[in-house]
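Peer 1: This structure is in structure tokens; I'll ask about it shortly.
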Amino acid sequence: MKYVLVSGGVISGIGKGVIASSCGLLLKTRGFKVSSIKIDPYLNIDAGLMAPAEHGEVFVLDDGGETDLDLGNYERYLNVTLTRDNNITTGKMYQNVIAKERAGDYIGKTVQMVPHLTDEIQQTIERVARVPVDDTKEMPDVCIIELGGTVGDIESTVFVEALRRLRRTIGKDNFLQIHVSLVPDIHGELKSKPTQAAIRDVRSLGLSPDLIACRCNKPLEEKLIDKIALYCDVEPSQVVSVTDQSSLYRVPLLLDSQGLTKQLIDVLRLDQATLSPSLVTRGGQTWNAWKELTISRDRFFKEVRIVLVGKYTDHPDAYHSVTKSLEHAAMACSRRLIIIDVHSGHLEAAAETQSPVAYHKAWHQVYTADGVLVPGGFGIRACEGMIAAIKTCREKKTPFLGICLGLQLAAIEYARNKCDLPQADSTEFHKNAAVPLVIEMPEIDKTTMGATMRLGIRPTHFQPGSEWSKVYNLYRDDPGSSMPSANDISPSDTSNSNATPPLTNGTSNNNACTANGTAVREPSPSSDHSPLIINERHRHRWEVNPAYVETLESAGMNFVGRDDSGKRMEILELKDHPFFVGVQFHPEYLSRVLRPSKPFLGLVAASAGILPEILSGKGRRHSSTGIEET
């Protein structure tokens, strides 16, 4: 097993996640099997209870793990399916050590940070790194480890020590470190002192970077590269310039052009590995497709304007996967994407008097949008603004996609204005709502918050007679991909199994084909199930009240997708509308660069006026063996 550690210095948020993902992609496209681990040095067990306005989005995995958004980057770049174990936090490590101490595993010993906590971290890394994460079901060749935060922070010190010990244990030929540092531009001159200080800090803790990735706003001149190499005791070829790019998807191309791939292979002696010819071929096809798609993206001239109406728009990472999914869909439609963030609070009636400028600007953006997306969220704040935007989309025939909360609010809006239920509401907002159209799911734990939602991969059955549905046809027409289906995952730790959902209700999914990580299967003719079943990731506590489904459907709202029981609403759609869709699941978690999520593809295509062409197979950019216009 080979390890690549990506650490950072000077400042946080410097781009370690993208560089780590890019390194993994470069190795995978050469035929290697790659896994990833993210280390987050905070005391939370996971990211599930963190506020998106502070920490960014919570990314949900197939097994229900609520993790840092960087795991989404890894899955999107590497086309793998990770587990909750791939996100290591200080809280998890302390929890494991304390549990072992209580069980008597350290009987007679004084339990300390070193060696007990560092040993736990090292053992966890080595165990998780060996878990298969792709469709080969084989142990990875390389594991990319991203150390969150900034080296030198007190929070990450124990992890740095554990990684130092890991490097010593496995040998230098099996461990490579990339340290990402900032080279600031001061009055037009790039300064190397922060990078020199950052490398000095890393070395003082026992690690010695093999490669230095310099974040800068323009390419480093040879003279400056030589200076950094001299004072950081590396060769000039080990200094990589990571400049700002027009798209993050171009970063792998930038790194490869500077010889990073060769450096990884040489230092880790990966040239001695025996590679599967089929993986080498498939990797080459993926790399060609990636290059063509990312380069052609700069040549898209037709625009599509999507307004994102949400309550967390002040934080750039709160809707990270949603934004990426829109980008994937826009590239598939050959459109230049313009995302306009609209805070839903600015659409509410009170804003007209409190913030008239923001109010009128927000409504102008909604009215002039090509399409509108209402993402997930929690709490009553600013939800009436979302409902107002949804009503406008329905009446103006503006393409609309609602995700999780967006589906629930679409149902509430329809009940209020089309079913003569003006008091329709959610019990999340008003516990004693007169018309509880959205209710808390009965099986949800009402006392514990962490990891108690309906989480992870779950099946959705398209209902008989839903063949007219645009979403149905988007999923139905997908030719499949190389992504592993959900039950191909092999978690190394089955703890917290109560949060790990079954794929189906007692039904095997071994014959499923897959679409962008979404398992799609057709049951046998004798089955009573719908002819199309998809698996998508979920994260919610509330659902549409089954008692009002008949009322909504009799007024024209169609619930074309339901869960195994048929009582939980998963997909709603309006028939007489260019594209009006709500999904209870989170399709953004399974979108991939080369295979966009179907609901997002439908929204962007409808917004661009090319949905009929997409549904007929014309106008879509395919990527199974390369990129081509069909």
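Ordering of the structure tokens sets the chain letters (A, B, ...); residue numbers start at 1 within each chain; ligands are numbered from 1 in the order shown.
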Based on DSSP run over this structure's backbone, return all residues of region 36-282 of chain A in alpha helix (DSSP H), as a ChimeraX atom specification.
Peer 2: /A:52-55,70-78,90-103,118-129,157-170,193-204,222-232,251-257,260-267,277-282
Peer 1: Which residues are near region 325-328 of chain A? Cut-off 8 Å, only C-alpha atoms, ignore same chain within fewer than 6 positions. Put them as a PyMOL selection string.
Peer 2: chain A and resi 337+588+591-597+600-601+604
Peer 1: Region 367-369 of chain A: which residues within 7 Å, counting only C-alpha atoms, same-chain residues fewer than 3 positions away excluded, as a ChimeraX atom specification?
Peer 2: /A:305-307,363-364,372
Peer 1: Please write the residues from the selection above to a file, keeping C-alpha atoms, as a PDB file, in the first residue's frame.
Peer 2:
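This went into selection-v2.pdb:
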ATOM      1  CA  ARG A 305     -28.988  31.177 -15.879  1.00  0.00           C
ATOM      2  CA  ILE A 306     -30.004  29.157 -12.828  1.00  0.00           C
ATOM      3  CA  VAL A 307     -31.234  30.980  -9.738  1.00  0.00           C
ATOM      4  CA  TRP A 363     -37.567  39.125  -7.486  1.00  0.00           C
ATOM      5  CA  HIS A 364     -36.104  40.473 -10.709  1.00  0.00           C
ATOM      6  CA  VAL A 372     -34.857  27.925 -10.417  1.00  0.00           C
TER       7      VAL A 372
END
Peer 1: Could you state the separation of CA of Arg454 (chain A) and CA of Ala433 (chain A) in Å, given to one decimal place?
Peer 2: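 Interatomic distance, CA of Arg454 (chain A) to CA of Ala433 (chain A): 22.7 Å.
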Peer 1: Quick one: of A:Ile170, A:Ala198, A:Met449, A:Ala53, who's nearest to Gly8 (chain A), counting only C-alpha atoms?
Peer 2: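 Among the listed residues, the smallest separation from Gly8 (chain A) belongs to A:Ala198.
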Peer 1: Would you list the contacts of region 21-34 of chain A as a PyMOL selection string, taking every protein, DNA or RNA residue within 9 Å and counting only C-alpha atoms, but skipping same-chain residues closer than 6 positions in sequence?
Peer 2: chain A and resi 4+70+73-80+132-134+136+138-144+249+251-253+255-256+260-261+264-265+270+273+275-287
Peer 1: Please dump the current selection as a short mmCIF file (atom, residue, chain, number, x, y, z; two decimals), in the first residue's frame; keep N, CA and C atoms.
Peer 2:
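In the end it all went to selection_9.cif:
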data_model
loop_
_atom_site.label_atom_id
_atom_site.label_comp_id
_atom_site.auth_asym_id
_atom_site.auth_seq_id
_atom_site.Cartn_x
_atom_site.Cartn_y
_atom_site.Cartn_z
N VAL A 4 -0.21 8.91 -0.10
CA VAL A 4 0.12 10.28 -0.49
C VAL A 4 -0.56 11.21 0.51
N ASP A 70 -15.26 17.55 1.46
CA ASP A 70 -14.14 17.10 0.63
C ASP A 70 -14.33 15.65 0.18
N ASN A 73 -15.73 15.76 -3.11
CA ASN A 73 -14.73 16.00 -4.16
C ASN A 73 -14.04 14.71 -4.56
N TYR A 74 -13.67 13.90 -3.56
CA TYR A 74 -12.99 12.64 -3.86
C TYR A 74 -13.87 11.74 -4.72
N GLU A 75 -15.13 11.61 -4.32
CA GLU A 75 -16.03 10.72 -5.08
C GLU A 75 -16.25 11.24 -6.50
N ARG A 76 -16.38 12.55 -6.64
CA ARG A 76 -16.63 13.11 -7.97
C ARG A 76 -15.42 12.96 -8.88
N TYR A 77 -14.23 13.18 -8.36
CA TYR A 77 -13.02 13.10 -9.17
C TYR A 77 -12.62 11.65 -9.45
N LEU A 78 -12.74 10.78 -8.44
CA LEU A 78 -12.21 9.43 -8.54
C LEU A 78 -13.25 8.40 -8.94
N ASN A 79 -14.53 8.78 -8.97
CA ASN A 79 -15.59 7.85 -9.33
C ASN A 79 -15.57 6.63 -8.41
N VAL A 80 -15.50 6.88 -7.11
CA VAL A 80 -15.47 5.82 -6.11
C VAL A 80 -16.62 6.01 -5.13
N PRO A 132 -11.84 -1.85 -0.38
CA PRO A 132 -12.17 -1.58 -1.79
C PRO A 132 -13.22 -0.48 -1.90
N VAL A 133 -13.03 0.42 -2.86
CA VAL A 133 -13.95 1.54 -3.01
C VAL A 133 -14.47 1.68 -4.44
N ASP A 134 -14.04 0.80 -5.34
CA ASP A 134 -14.53 0.90 -6.72
C ASP A 134 -15.08 -0.44 -7.18
N THR A 136 -13.89 -2.75 -8.94
CA THR A 136 -13.00 -3.91 -8.99
C THR A 136 -13.12 -4.77 -7.74
N GLU A 138 -11.29 -4.67 -5.30
CA GLU A 138 -9.94 -5.04 -4.90
C GLU A 138 -9.33 -3.96 -4.03
N MET A 139 -8.33 -4.34 -3.24
CA MET A 139 -7.66 -3.38 -2.38
C MET A 139 -7.00 -2.29 -3.22
N PRO A 140 -7.14 -1.03 -2.83
CA PRO A 140 -6.51 0.05 -3.60
C PRO A 140 -4.99 -0.06 -3.61
N ASP A 141 -4.39 0.51 -4.64
CA ASP A 141 -2.93 0.58 -4.72
C ASP A 141 -2.39 1.76 -3.93
N VAL A 142 -3.16 2.86 -3.95
CA VAL A 142 -2.72 4.12 -3.35
C VAL A 142 -3.86 4.71 -2.55
N CYS A 143 -3.54 5.28 -1.41
CA CYS A 143 -4.52 6.02 -0.61
C CYS A 143 -4.06 7.47 -0.48
N ILE A 144 -4.91 8.39 -0.89
CA ILE A 144 -4.64 9.82 -0.73
C ILE A 144 -5.19 10.27 0.61
N TYR A 249 -11.80 21.91 -12.60
CA TYR A 249 -11.59 20.67 -13.33
C TYR A 249 -10.34 20.71 -14.20
N VAL A 251 -7.44 21.74 -12.90
CA VAL A 251 -6.30 21.58 -12.00
C VAL A 251 -5.53 20.29 -12.28
N PRO A 252 -6.21 19.14 -12.50
CA PRO A 252 -5.43 17.93 -12.84
C PRO A 252 -4.57 18.12 -14.09
N LEU A 253 -5.07 18.82 -15.08
CA LEU A 253 -4.30 19.08 -16.30
C LEU A 253 -3.08 19.94 -15.99
N LEU A 255 -1.50 20.22 -13.08
CA LEU A 255 -0.51 19.46 -12.31
C LEU A 255 0.23 18.46 -13.21
N ASP A 256 -0.52 17.81 -14.09
CA ASP A 256 0.11 16.83 -14.98
C ASP A 256 1.11 17.49 -15.92
N LEU A 260 3.77 16.28 -12.33
CA LEU A 260 3.41 15.75 -11.02
C LEU A 260 3.14 14.25 -11.07
N THR A 261 2.47 13.81 -12.12
CA THR A 261 2.16 12.38 -12.22
C THR A 261 3.44 11.55 -12.21
N LEU A 264 4.93 11.41 -8.71
CA LEU A 264 4.22 10.48 -7.84
C LEU A 264 4.66 9.04 -8.13
N ILE A 265 4.71 8.70 -9.40
CA ILE A 265 5.08 7.34 -9.79
C ILE A 265 6.53 7.04 -9.43
N LEU A 270 5.88 3.37 -8.22
CA LEU A 270 4.67 2.73 -8.74
C LEU A 270 4.91 2.08 -10.09
N ALA A 273 4.65 -1.64 -10.10
CA ALA A 273 3.37 -2.29 -9.86
C ALA A 273 2.86 -2.98 -11.12
N LEU A 275 -0.24 -3.65 -13.34
CA LEU A 275 -1.53 -3.02 -13.54
C LEU A 275 -2.42 -3.86 -14.44
N SER A 276 -3.71 -3.79 -14.20
CA SER A 276 -4.69 -4.47 -15.04
C SER A 276 -4.79 -3.75 -16.38
N PRO A 277 -4.61 -4.44 -17.49
CA PRO A 277 -4.73 -3.78 -18.80
C PRO A 277 -6.08 -3.08 -18.99
N SER A 278 -7.15 -3.69 -18.46
CA SER A 278 -8.47 -3.08 -18.62
C SER A 278 -8.56 -1.77 -17.85
N LEU A 279 -7.94 -1.70 -16.65
CA LEU A 279 -7.96 -0.46 -15.89
C LEU A 279 -7.11 0.60 -16.55
N VAL A 280 -5.99 0.20 -17.15
CA VAL A 280 -5.15 1.16 -17.88
C VAL A 280 -5.93 1.73 -19.06
N THR A 281 -6.62 0.88 -19.80
CA THR A 281 -7.41 1.33 -20.95
C THR A 281 -8.54 2.25 -20.51
N ARG A 282 -9.24 1.83 -19.47
CA ARG A 282 -10.36 2.64 -18.99
C ARG A 282 -9.86 3.96 -18.42
N GLY A 283 -8.71 3.92 -17.74
CA GLY A 283 -8.15 5.16 -17.22
C GLY A 283 -7.78 6.12 -18.32
N GLY A 284 -7.20 5.59 -19.41
CA GLY A 284 -6.86 6.45 -20.54
C GLY A 284 -8.08 7.07 -21.18
N GLN A 285 -9.15 6.30 -21.27
CA GLN A 285 -10.40 6.84 -21.83
C GLN A 285 -10.97 7.94 -20.95
N THR A 286 -10.91 7.70 -19.64
CA THR A 286 -11.40 8.71 -18.70
C THR A 286 -10.58 9.99 -18.81
N TRP A 287 -9.27 9.86 -18.90
CA TRP A 287 -8.40 11.03 -18.99
C TRP A 287 -8.67 11.82 -20.27
#
Peer 1: Interatomic distance between CA of Trp542 (chain A) and CA of Glu467 (chain A)?
Peer 2: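 Atom-to-atom, CA of Trp542 (chain A) to CA of Glu467 (chain A), that is 27.5 Å.
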Peer 1: Can you tell me, as a PyMOL selection string, which residues in region 407-448 of chain A count as strand (DSSP E or B) by DSSP?
Peer 2: chain A and resi 424-426+435-440
Peer 1: I need the residue nearest Pro375 (chain A) from this list: A:Val357, A:Met331, A:Cys393, A:Val583. Use only C-alpha atoms for the distance.
Peer 2: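 Smallest separation from Pro375 (chain A) among the options: A:Val583.
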